[in-house]
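J.: Sharing input_7.cif below, mmCIF, N, CA, C and O atoms:
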```
data_work
#
loop_
_atom_site.label_atom_id
_atom_site.label_comp_id
_atom_site.auth_asym_id
_atom_site.auth_seq_id
_atom_site.Cartn_x
_atom_site.Cartn_y
_atom_site.Cartn_z
N MET A 28 -19.33 -11.91 -78.57
CA MET A 28 -20.23 -12.50 -77.59
C MET A 28 -19.39 -13.29 -76.60
O MET A 28 -18.52 -14.04 -76.98
N PHE A 29 -19.65 -13.15 -75.32
CA PHE A 29 -18.88 -13.83 -74.29
C PHE A 29 -19.76 -14.85 -73.57
O PHE A 29 -20.92 -14.61 -73.33
N CYS A 30 -19.17 -15.98 -73.24
CA CYS A 30 -19.88 -17.01 -72.49
C CYS A 30 -18.86 -17.70 -71.61
O CYS A 30 -17.73 -17.92 -72.00
N SER A 31 -19.27 -18.06 -70.41
CA SER A 31 -18.36 -18.78 -69.52
C SER A 31 -17.95 -20.10 -70.16
O SER A 31 -18.79 -20.85 -70.64
N ALA A 32 -16.68 -20.38 -70.17
CA ALA A 32 -16.18 -21.61 -70.79
C ALA A 32 -16.74 -22.84 -70.11
O ALA A 32 -17.05 -23.82 -70.76
N ASN A 33 -16.88 -22.80 -68.79
CA ASN A 33 -17.42 -23.95 -68.07
C ASN A 33 -18.84 -24.26 -68.50
O ASN A 33 -19.21 -25.40 -68.68
N ILE A 34 -19.65 -23.22 -68.68
CA ILE A 34 -21.03 -23.42 -69.14
C ILE A 34 -21.03 -23.97 -70.55
O ILE A 34 -21.73 -24.91 -70.86
N TYR A 35 -20.21 -23.40 -71.42
CA TYR A 35 -20.15 -23.84 -72.81
C TYR A 35 -19.73 -25.31 -72.88
O TYR A 35 -20.33 -26.09 -73.59
N ILE A 36 -18.72 -25.68 -72.12
CA ILE A 36 -18.24 -27.06 -72.15
C ILE A 36 -19.32 -28.00 -71.65
O ILE A 36 -19.56 -29.05 -72.22
N PHE A 37 -20.06 -27.61 -70.61
CA PHE A 37 -21.13 -28.44 -70.09
C PHE A 37 -22.21 -28.63 -71.15
O PHE A 37 -22.65 -29.73 -71.41
N ILE A 38 -22.63 -27.54 -71.78
CA ILE A 38 -23.69 -27.62 -72.79
C ILE A 38 -23.22 -28.43 -73.98
O ILE A 38 -23.91 -29.30 -74.47
N LYS A 39 -22.01 -28.16 -74.46
CA LYS A 39 -21.48 -28.83 -75.64
C LYS A 39 -21.35 -30.34 -75.41
O LYS A 39 -21.48 -31.12 -76.33
N SER A 40 -21.10 -30.75 -74.16
CA SER A 40 -20.94 -32.17 -73.89
C SER A 40 -22.26 -32.87 -73.61
O SER A 40 -22.30 -34.06 -73.43
N SER A 41 -23.35 -32.10 -73.53
CA SER A 41 -24.64 -32.70 -73.22
C SER A 41 -25.12 -33.56 -74.37
O SER A 41 -24.96 -33.19 -75.54
N PRO A 42 -25.73 -34.72 -74.06
CA PRO A 42 -26.25 -35.59 -75.12
C PRO A 42 -27.27 -34.86 -75.98
O PRO A 42 -28.10 -34.11 -75.47
N GLY A 43 -27.19 -35.06 -77.27
CA GLY A 43 -28.15 -34.47 -78.19
C GLY A 43 -27.85 -33.03 -78.58
O GLY A 43 -28.56 -32.44 -79.38
N PHE A 44 -26.80 -32.44 -78.04
CA PHE A 44 -26.47 -31.06 -78.38
C PHE A 44 -25.86 -31.02 -79.77
O PHE A 44 -24.90 -31.72 -80.05
N VAL A 45 -26.43 -30.22 -80.64
CA VAL A 45 -25.90 -30.05 -81.99
C VAL A 45 -25.43 -28.60 -82.13
O VAL A 45 -26.25 -27.69 -82.14
N PRO A 46 -24.12 -28.37 -82.19
CA PRO A 46 -23.62 -27.00 -82.24
C PRO A 46 -23.87 -26.33 -83.57
O PRO A 46 -23.92 -26.99 -84.60
N ASP A 47 -24.04 -25.02 -83.53
CA ASP A 47 -24.09 -24.24 -84.76
C ASP A 47 -22.66 -24.15 -85.29
O ASP A 47 -21.72 -24.17 -84.52
N PRO A 48 -22.52 -24.04 -86.60
CA PRO A 48 -21.17 -23.83 -87.11
C PRO A 48 -20.67 -22.46 -86.66
O PRO A 48 -21.24 -21.46 -87.03
N GLU A 49 -19.71 -22.45 -85.81
CA GLU A 49 -19.18 -21.19 -85.31
C GLU A 49 -17.72 -21.37 -84.96
O GLU A 49 -17.22 -22.48 -84.82
N PHE A 50 -17.07 -20.27 -84.79
CA PHE A 50 -15.66 -20.27 -84.44
C PHE A 50 -15.49 -19.63 -83.08
O PHE A 50 -16.23 -18.72 -82.71
N VAL A 51 -14.54 -20.12 -82.33
CA VAL A 51 -14.33 -19.69 -80.97
C VAL A 51 -12.91 -19.17 -80.81
O VAL A 51 -11.96 -19.84 -81.20
N VAL A 52 -12.78 -17.98 -80.25
CA VAL A 52 -11.48 -17.46 -79.82
C VAL A 52 -11.43 -17.75 -78.33
O VAL A 52 -12.39 -17.50 -77.60
N TYR A 53 -10.32 -18.32 -77.88
CA TYR A 53 -10.23 -18.71 -76.48
C TYR A 53 -8.91 -18.24 -75.89
O TYR A 53 -7.92 -18.04 -76.60
N ILE A 54 -8.92 -18.05 -74.59
CA ILE A 54 -7.71 -17.71 -73.86
C ILE A 54 -7.53 -18.74 -72.77
O ILE A 54 -8.44 -19.00 -71.98
N LEU A 55 -6.36 -19.37 -72.76
CA LEU A 55 -6.00 -20.35 -71.74
C LEU A 55 -5.04 -19.69 -70.75
O LEU A 55 -4.29 -18.80 -71.12
N TYR A 56 -5.07 -20.19 -69.53
CA TYR A 56 -4.15 -19.70 -68.51
C TYR A 56 -3.57 -20.86 -67.73
O TYR A 56 -4.29 -21.76 -67.32
N SER A 57 -2.27 -20.83 -67.52
CA SER A 57 -1.59 -21.82 -66.70
C SER A 57 -1.23 -21.16 -65.37
O SER A 57 -0.33 -20.31 -65.32
N GLU A 58 -1.94 -21.52 -64.32
CA GLU A 58 -1.66 -20.94 -63.00
C GLU A 58 -0.27 -21.34 -62.51
O GLU A 58 0.44 -20.55 -61.91
N LYS A 59 0.11 -22.58 -62.80
CA LYS A 59 1.40 -23.09 -62.34
C LYS A 59 2.57 -22.27 -62.86
O LYS A 59 3.55 -22.03 -62.15
N TYR A 60 2.47 -21.81 -64.12
CA TYR A 60 3.58 -21.09 -64.75
C TYR A 60 3.27 -19.61 -65.03
O TYR A 60 4.11 -18.91 -65.59
N SER A 61 2.07 -19.16 -64.68
CA SER A 61 1.63 -17.78 -64.94
C SER A 61 1.79 -17.40 -66.41
O SER A 61 2.29 -16.34 -66.76
N LYS A 62 1.34 -18.29 -67.29
CA LYS A 62 1.41 -18.08 -68.74
C LYS A 62 0.00 -18.09 -69.31
O LYS A 62 -0.89 -18.73 -68.77
N ASN A 63 -0.18 -17.38 -70.43
CA ASN A 63 -1.46 -17.47 -71.13
C ASN A 63 -1.23 -17.80 -72.59
O ASN A 63 -0.12 -17.65 -73.11
N TYR A 64 -2.28 -18.28 -73.22
CA TYR A 64 -2.22 -18.68 -74.63
C TYR A 64 -3.55 -18.28 -75.27
O TYR A 64 -4.61 -18.55 -74.72
N THR A 65 -3.48 -17.66 -76.43
CA THR A 65 -4.68 -17.25 -77.16
C THR A 65 -4.72 -18.00 -78.49
O THR A 65 -3.71 -18.10 -79.18
N GLY A 66 -5.89 -18.51 -78.83
CA GLY A 66 -6.05 -19.22 -80.09
C GLY A 66 -7.48 -19.17 -80.57
O GLY A 66 -8.36 -18.61 -79.92
N PHE A 67 -7.75 -19.79 -81.72
CA PHE A 67 -9.12 -19.92 -82.21
C PHE A 67 -9.31 -21.32 -82.76
O PHE A 67 -8.35 -22.00 -83.14
N THR A 68 -10.57 -21.75 -82.78
CA THR A 68 -10.89 -23.09 -83.23
C THR A 68 -12.36 -23.16 -83.61
O THR A 68 -13.14 -22.27 -83.26
N SER A 69 -12.75 -24.23 -84.25
CA SER A 69 -14.17 -24.49 -84.49
C SER A 69 -14.67 -25.60 -83.55
O SER A 69 -15.84 -25.93 -83.56
N ASN A 70 -13.76 -26.15 -82.74
CA ASN A 70 -14.15 -27.20 -81.79
C ASN A 70 -13.37 -26.99 -80.49
O ASN A 70 -12.27 -27.52 -80.33
N LEU A 71 -13.95 -26.23 -79.58
CA LEU A 71 -13.26 -25.86 -78.35
C LEU A 71 -12.90 -27.07 -77.49
O LEU A 71 -11.80 -27.15 -76.96
N ILE A 72 -13.80 -28.01 -77.37
CA ILE A 72 -13.54 -29.18 -76.52
C ILE A 72 -12.33 -29.96 -77.03
O ILE A 72 -11.41 -30.28 -76.26
N ALA A 73 -12.31 -30.26 -78.33
CA ALA A 73 -11.20 -31.03 -78.89
C ALA A 73 -9.89 -30.25 -78.77
O ALA A 73 -8.84 -30.82 -78.45
N ARG A 74 -9.96 -28.95 -79.00
CA ARG A 74 -8.73 -28.14 -78.95
C ARG A 74 -8.21 -28.05 -77.52
O ARG A 74 -7.01 -28.14 -77.29
N PHE A 75 -9.11 -27.88 -76.57
CA PHE A 75 -8.71 -27.83 -75.16
C PHE A 75 -8.06 -29.15 -74.75
O PHE A 75 -7.01 -29.17 -74.10
N ASN A 76 -8.66 -30.27 -75.15
CA ASN A 76 -8.07 -31.58 -74.86
C ASN A 76 -6.70 -31.72 -75.53
O ASN A 76 -5.78 -32.29 -74.95
N SER A 77 -6.57 -31.19 -76.71
CA SER A 77 -5.29 -31.23 -77.40
C SER A 77 -4.22 -30.48 -76.61
O SER A 77 -3.11 -30.97 -76.41
N HIS A 78 -4.56 -29.29 -76.14
CA HIS A 78 -3.60 -28.50 -75.36
C HIS A 78 -3.22 -29.19 -74.05
O HIS A 78 -2.06 -29.16 -73.65
N ASN A 79 -4.16 -29.82 -73.39
CA ASN A 79 -3.91 -30.38 -72.06
C ASN A 79 -3.49 -31.85 -72.06
O ASN A 79 -2.85 -32.29 -71.11
N LEU A 80 -3.84 -32.59 -73.10
CA LEU A 80 -3.61 -34.04 -73.05
C LEU A 80 -2.88 -34.62 -74.25
O LEU A 80 -2.08 -35.55 -74.09
N LEU A 81 -3.16 -34.14 -75.45
CA LEU A 81 -2.74 -34.87 -76.65
C LEU A 81 -1.46 -34.37 -77.31
O LEU A 81 -0.73 -35.18 -77.90
N GLU A 82 -1.18 -33.09 -77.25
CA GLU A 82 -0.02 -32.56 -77.97
C GLU A 82 1.28 -33.17 -77.46
O GLU A 82 1.43 -33.44 -76.27
N THR A 83 2.20 -33.40 -78.39
CA THR A 83 3.49 -33.98 -78.02
C THR A 83 4.64 -33.00 -78.27
O THR A 83 5.79 -33.32 -78.01
N LYS A 84 4.30 -31.80 -78.79
CA LYS A 84 5.31 -30.76 -78.98
C LYS A 84 4.61 -29.41 -79.02
O LYS A 84 3.40 -29.34 -79.19
N GLY A 85 5.37 -28.36 -78.85
CA GLY A 85 4.82 -27.02 -78.95
C GLY A 85 4.77 -26.27 -77.62
O GLY A 85 5.07 -26.81 -76.55
N TYR A 86 4.37 -25.01 -77.71
CA TYR A 86 4.35 -24.09 -76.57
C TYR A 86 3.46 -24.58 -75.44
O TYR A 86 3.87 -24.57 -74.28
N THR A 87 2.24 -25.00 -75.76
CA THR A 87 1.30 -25.33 -74.69
C THR A 87 1.69 -26.59 -73.92
O THR A 87 1.31 -26.75 -72.77
N LEU A 88 2.44 -27.46 -74.54
CA LEU A 88 2.90 -28.67 -73.86
C LEU A 88 3.75 -28.33 -72.63
O LEU A 88 3.63 -28.96 -71.58
N LYS A 89 4.55 -27.30 -72.74
CA LYS A 89 5.51 -26.95 -71.68
C LYS A 89 4.87 -26.38 -70.42
O LYS A 89 5.49 -26.38 -69.36
N PHE A 90 3.65 -25.87 -70.54
CA PHE A 90 3.06 -25.13 -69.42
C PHE A 90 1.74 -25.72 -68.92
O PHE A 90 0.92 -25.01 -68.35
N ARG A 91 1.56 -27.00 -69.10
CA ARG A 91 0.35 -27.67 -68.60
C ARG A 91 0.32 -27.67 -67.08
O ARG A 91 1.38 -27.67 -66.47
N PRO A 92 -0.84 -27.69 -66.48
CA PRO A 92 -2.18 -27.73 -67.06
C PRO A 92 -2.70 -26.33 -67.39
O PRO A 92 -2.29 -25.34 -66.81
N TRP A 93 -3.62 -26.29 -68.35
CA TRP A 93 -4.26 -25.06 -68.79
C TRP A 93 -5.70 -25.05 -68.35
O TRP A 93 -6.33 -26.10 -68.25
N LYS A 94 -6.24 -23.85 -68.13
CA LYS A 94 -7.68 -23.72 -67.93
C LYS A 94 -8.17 -22.60 -68.84
O LYS A 94 -7.43 -21.67 -69.16
N VAL A 95 -9.41 -22.71 -69.28
CA VAL A 95 -10.01 -21.70 -70.14
C VAL A 95 -10.47 -20.55 -69.25
O VAL A 95 -11.21 -20.76 -68.29
N ILE A 96 -10.00 -19.33 -69.57
CA ILE A 96 -10.43 -18.18 -68.77
C ILE A 96 -11.34 -17.24 -69.56
O ILE A 96 -11.96 -16.35 -68.99
N HIS A 97 -11.43 -17.44 -70.89
CA HIS A 97 -12.27 -16.55 -71.69
C HIS A 97 -12.56 -17.19 -73.04
O HIS A 97 -11.68 -17.82 -73.63
N VAL A 98 -13.80 -17.04 -73.52
CA VAL A 98 -14.16 -17.48 -74.87
C VAL A 98 -15.04 -16.43 -75.53
O VAL A 98 -15.79 -15.73 -74.86
N GLU A 99 -14.93 -16.32 -76.83
CA GLU A 99 -15.78 -15.46 -77.65
C GLU A 99 -16.19 -16.24 -78.89
O GLU A 99 -15.38 -16.97 -79.45
N PHE A 100 -17.44 -16.09 -79.32
CA PHE A 100 -17.97 -16.84 -80.44
C PHE A 100 -18.14 -15.95 -81.66
O PHE A 100 -18.57 -14.80 -81.54
N PHE A 101 -17.82 -16.50 -82.84
CA PHE A 101 -17.92 -15.75 -84.09
C PHE A 101 -18.58 -16.62 -85.16
O PHE A 101 -18.45 -17.84 -85.14
N ASP A 102 -19.24 -15.96 -86.11
CA ASP A 102 -19.91 -16.68 -87.19
C ASP A 102 -18.96 -17.07 -88.31
O ASP A 102 -19.28 -17.95 -89.10
N SER A 103 -17.82 -16.40 -88.41
CA SER A 103 -16.90 -16.72 -89.50
C SER A 103 -15.48 -16.89 -88.99
O SER A 103 -15.09 -16.32 -87.97
N LYS A 104 -14.73 -17.66 -89.73
CA LYS A 104 -13.32 -17.88 -89.42
C LYS A 104 -12.54 -16.57 -89.51
O LYS A 104 -11.68 -16.29 -88.67
N ALA A 105 -12.87 -15.75 -90.50
CA ALA A 105 -12.17 -14.47 -90.68
C ALA A 105 -12.35 -13.56 -89.47
O ALA A 105 -11.40 -12.93 -89.02
N GLU A 106 -13.57 -13.50 -88.93
CA GLU A 106 -13.82 -12.68 -87.74
C GLU A 106 -13.02 -13.20 -86.55
O GLU A 106 -12.45 -12.42 -85.80
N ALA A 107 -13.01 -14.51 -86.38
CA ALA A 107 -12.28 -15.12 -85.26
C ALA A 107 -10.78 -14.85 -85.38
O ALA A 107 -10.12 -14.51 -84.39
N MET A 108 -10.25 -14.99 -86.58
CA MET A 108 -8.82 -14.75 -86.78
C MET A 108 -8.46 -13.29 -86.51
O MET A 108 -7.42 -13.00 -85.92
N LYS A 109 -9.34 -12.38 -86.91
CA LYS A 109 -9.11 -10.96 -86.67
C LYS A 109 -9.08 -10.67 -85.17
O LYS A 109 -8.21 -9.95 -84.69
N ARG A 110 -10.02 -11.26 -84.42
CA ARG A 110 -10.06 -11.04 -82.97
C ARG A 110 -8.84 -11.66 -82.30
O ARG A 110 -8.25 -11.07 -81.40
N GLU A 111 -8.46 -12.86 -82.71
CA GLU A 111 -7.27 -13.50 -82.14
C GLU A 111 -6.05 -12.60 -82.36
O GLU A 111 -5.26 -12.38 -81.44
N LYS A 112 -5.91 -12.09 -83.57
CA LYS A 112 -4.78 -11.21 -83.88
C LYS A 112 -4.81 -9.96 -83.00
O LYS A 112 -3.77 -9.52 -82.49
N HIS A 113 -6.00 -9.40 -82.79
CA HIS A 113 -6.14 -8.21 -81.94
C HIS A 113 -5.72 -8.52 -80.50
O HIS A 113 -5.07 -7.71 -79.85
N LEU A 114 -6.12 -9.68 -80.00
CA LEU A 114 -5.79 -10.05 -78.62
C LEU A 114 -4.28 -10.23 -78.42
O LEU A 114 -3.80 -10.19 -77.30
N LYS A 115 -3.55 -10.40 -79.49
CA LYS A 115 -2.10 -10.57 -79.40
C LYS A 115 -1.35 -9.24 -79.56
O LYS A 115 -0.13 -9.22 -79.54
N THR A 116 -2.10 -8.13 -79.66
CA THR A 116 -1.49 -6.80 -79.69
C THR A 116 -1.33 -6.30 -78.25
O THR A 116 -1.80 -6.93 -77.31
N GLY A 117 -0.72 -5.14 -78.10
CA GLY A 117 -0.57 -4.55 -76.76
C GLY A 117 -1.90 -4.32 -76.07
O GLY A 117 -2.07 -4.62 -74.89
N ILE A 118 -2.88 -3.80 -76.81
CA ILE A 118 -4.21 -3.56 -76.23
C ILE A 118 -4.85 -4.89 -75.83
O ILE A 118 -5.45 -5.00 -74.76
N GLY A 119 -4.71 -5.89 -76.67
CA GLY A 119 -5.26 -7.21 -76.36
C GLY A 119 -4.60 -7.84 -75.15
O GLY A 119 -5.25 -8.46 -74.31
N ARG A 120 -3.29 -7.69 -75.04
CA ARG A 120 -2.58 -8.24 -73.88
C ARG A 120 -3.02 -7.56 -72.60
O ARG A 120 -3.14 -8.21 -71.55
N ASP A 121 -3.30 -6.25 -72.66
CA ASP A 121 -3.83 -5.55 -71.48
C ASP A 121 -5.18 -6.13 -71.08
O ASP A 121 -5.46 -6.33 -69.90
N PHE A 122 -6.03 -6.38 -72.07
CA PHE A 122 -7.34 -6.99 -71.82
C PHE A 122 -7.18 -8.36 -71.15
O PHE A 122 -7.85 -8.67 -70.17
N ILE A 123 -6.26 -9.16 -71.66
CA ILE A 123 -6.02 -10.50 -71.11
C ILE A 123 -5.52 -10.43 -69.67
O ILE A 123 -5.96 -11.20 -68.82
N GLN A 124 -4.62 -9.50 -69.39
CA GLN A 124 -4.09 -9.38 -68.03
C GLN A 124 -5.19 -9.11 -67.02
O GLN A 124 -5.12 -9.57 -65.88
N LYS A 125 -6.22 -8.37 -67.43
CA LYS A 125 -7.34 -8.08 -66.53
C LYS A 125 -8.20 -9.31 -66.26
O LYS A 125 -8.92 -9.36 -65.26
N LEU A 126 -8.12 -10.31 -67.11
CA LEU A 126 -8.88 -11.55 -66.93
C LEU A 126 -8.19 -12.53 -65.97
O LEU A 126 -8.83 -13.41 -65.41
N ILE A 127 -6.89 -12.39 -65.82
CA ILE A 127 -6.11 -13.36 -65.05
C ILE A 127 -6.34 -13.13 -63.56
O ILE A 127 -6.21 -12.01 -63.08
N PRO A 128 -6.69 -14.20 -62.85
CA PRO A 128 -6.96 -14.07 -61.41
C PRO A 128 -5.73 -13.54 -60.66
O PRO A 128 -4.59 -13.88 -60.99
N ASN A 129 -5.97 -12.71 -59.67
CA ASN A 129 -4.92 -12.16 -58.79
C ASN A 129 -3.89 -11.33 -59.52
O ASN A 129 -2.72 -11.30 -59.13
N GLN A 130 -4.27 -10.67 -60.59
CA GLN A 130 -3.34 -9.79 -61.32
C GLN A 130 -3.68 -8.35 -61.05
O GLN A 130 -4.74 -7.94 -60.95
#
```
Represent the structure from my file as structure tokens, please.

T.:
Amino acid sequence: MFCSANIYIFIKSSPGFVPDPEFVVYILYSEKYSKNYTGFTSNLIARFNSHNLLETKGYTLKFRPWKVIHVEFFDSKAEAMKREKHLKTGIGRDFIQKLIPNQ
């Protein structure tokens, strides 16, 4: 299932919003460095803030700022992990390249 990250972030931050337990596969893009990052989480807002503001080491620290260019929702961690792994294959990388603006 696909949903615009901006819409999801707006809804998730709305007062009184109670999320369903779900897992999110997300793709980040750094326009400044033309890099992308794929991951999964159960809390997209906290993870996005971690990538852009909180981390003190690791890959995503080097290529800030990041923006969310794609999200997919899953009912189980296993499904999300499987999709994340697929997106890191050659076929998945081709899919990601089509999402990147001006590519």

J.: By how many Å are atom CA of A:Tyr56 and atom CA of A:Val95 apart?

T.: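 Between atom CA of A:Tyr56 and atom CA of A:Val95 the gap works out to 6.4 Å.
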
J.: Using only C-alpha atoms, I'd like a table of the residues in stretch 59-95 of chain A that come within 7 Å of stretch 109-127 of chain A; for each, show the closest atom pair and its distance in Å rounded to one decimal, ordered by chain and ascending number, as JSON lines.

T.:
```
{"residue": "A:Thr65", "atom": "CA", "partner": "A:Glu111", "partner_atom": "CA", "distance": 6.8}
{"residue": "A:Gly66", "atom": "CA", "partner": "A:Glu111", "partner_atom": "CA", "distance": 6.2}
{"residue": "A:Phe67", "atom": "CA", "partner": "A:Glu111", "partner_atom": "CA", "distance": 6.7}
```

J.: Pick out the closest residue to A:Phe90 from this set: A:Met108, A:Lys62, A:Ser69, A:Phe50. Count all atoms listed in the file.

T.: A:Lys62

J.: Quick one, how far is atom C of A:Ser61 from atom C of A:Arg74?

T.: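 Result for atom C of A:Ser61 versus atom C of A:Arg74: 18.4 Å, one decimal.
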
J.: What separation in Å, quoted to one decimal, exists between atom CA of A:Asp102 and atom CA of A:Gly85?

T.: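 Separation of atom CA of A:Asp102 and atom CA of A:Gly85: 28.0 Å.
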
J.: Would you mind telling me which residue in A:Asn76, A:Ile96, A:Lys104, A:Asn129 lies nearest to A:Ile54 when using all atoms listed in the file?

T.: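 The shortest atom-to-atom distance to A:Ile54 comes from A:Ile96.
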
J.: DSSP on the backbone: which residues in stretch 31-121 of chain A end up as alpha helix (DSSP H)? Give the answer as a ChimeraX atom specification.

T.: /A:32-40,71-76,86-89,104-114,117-121

J.: From the DSSP assignment of the backbone, select every residue of stretch 42-111 of chain A that is strand (DSSP E), and format the answer as a PyMOL selection string.

T.: chain A and resi 50-57+62-68+94-101

J.: Using the chain letters and numbers from this file, what does the PyMOL selection byres ((chain A and resi 92) around 5) select? Give the answer as a PDB file with N, CA, C and O atoms, keeping the file's coordinate frame.

T.:
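Wrote it out as part_29.pdb, contents follow:
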```pdb
ATOM      1  N   TYR A  56      -5.070 -20.190 -69.530  1.00  0.00           N
ATOM      2  CA  TYR A  56      -4.150 -19.700 -68.510  1.00  0.00           C
ATOM      3  C   TYR A  56      -3.570 -20.860 -67.730  1.00  0.00           C
ATOM      4  O   TYR A  56      -4.290 -21.760 -67.320  1.00  0.00           O
ATOM      5  N   SER A  57      -2.270 -20.830 -67.520  1.00  0.00           N
ATOM      6  CA  SER A  57      -1.590 -21.820 -66.700  1.00  0.00           C
ATOM      7  C   SER A  57      -1.230 -21.160 -65.370  1.00  0.00           C
ATOM      8  O   SER A  57      -0.330 -20.310 -65.320  1.00  0.00           O
ATOM      9  N   GLU A  58      -1.940 -21.520 -64.320  1.00  0.00           N
ATOM     10  CA  GLU A  58      -1.660 -20.940 -63.000  1.00  0.00           C
ATOM     11  C   GLU A  58      -0.270 -21.340 -62.510  1.00  0.00           C
ATOM     12  O   GLU A  58       0.440 -20.550 -61.910  1.00  0.00           O
ATOM     13  N   PHE A  90       3.650 -25.870 -70.540  1.00  0.00           N
ATOM     14  CA  PHE A  90       3.060 -25.130 -69.420  1.00  0.00           C
ATOM     15  C   PHE A  90       1.740 -25.720 -68.920  1.00  0.00           C
ATOM     16  O   PHE A  90       0.920 -25.010 -68.350  1.00  0.00           O
ATOM     17  N   ARG A  91       1.560 -27.000 -69.100  1.00  0.00           N
ATOM     18  CA  ARG A  91       0.350 -27.670 -68.600  1.00  0.00           C
ATOM     19  C   ARG A  91       0.320 -27.670 -67.080  1.00  0.00           C
ATOM     20  O   ARG A  91       1.380 -27.670 -66.470  1.00  0.00           O
ATOM     21  N   TRP A  93      -3.620 -26.290 -68.350  1.00  0.00           N
ATOM     22  CA  TRP A  93      -4.260 -25.060 -68.790  1.00  0.00           C
ATOM     23  C   TRP A  93      -5.700 -25.050 -68.350  1.00  0.00           C
ATOM     24  O   TRP A  93      -6.330 -26.100 -68.250  1.00  0.00           O
ATOM     25  N   LYS A  94      -6.240 -23.850 -68.130  1.00  0.00           N
ATOM     26  CA  LYS A  94      -7.680 -23.720 -67.930  1.00  0.00           C
ATOM     27  C   LYS A  94      -8.170 -22.600 -68.840  1.00  0.00           C
ATOM     28  O   LYS A  94      -7.430 -21.670 -69.160  1.00  0.00           O
TER      29      LYS A  94
END
```
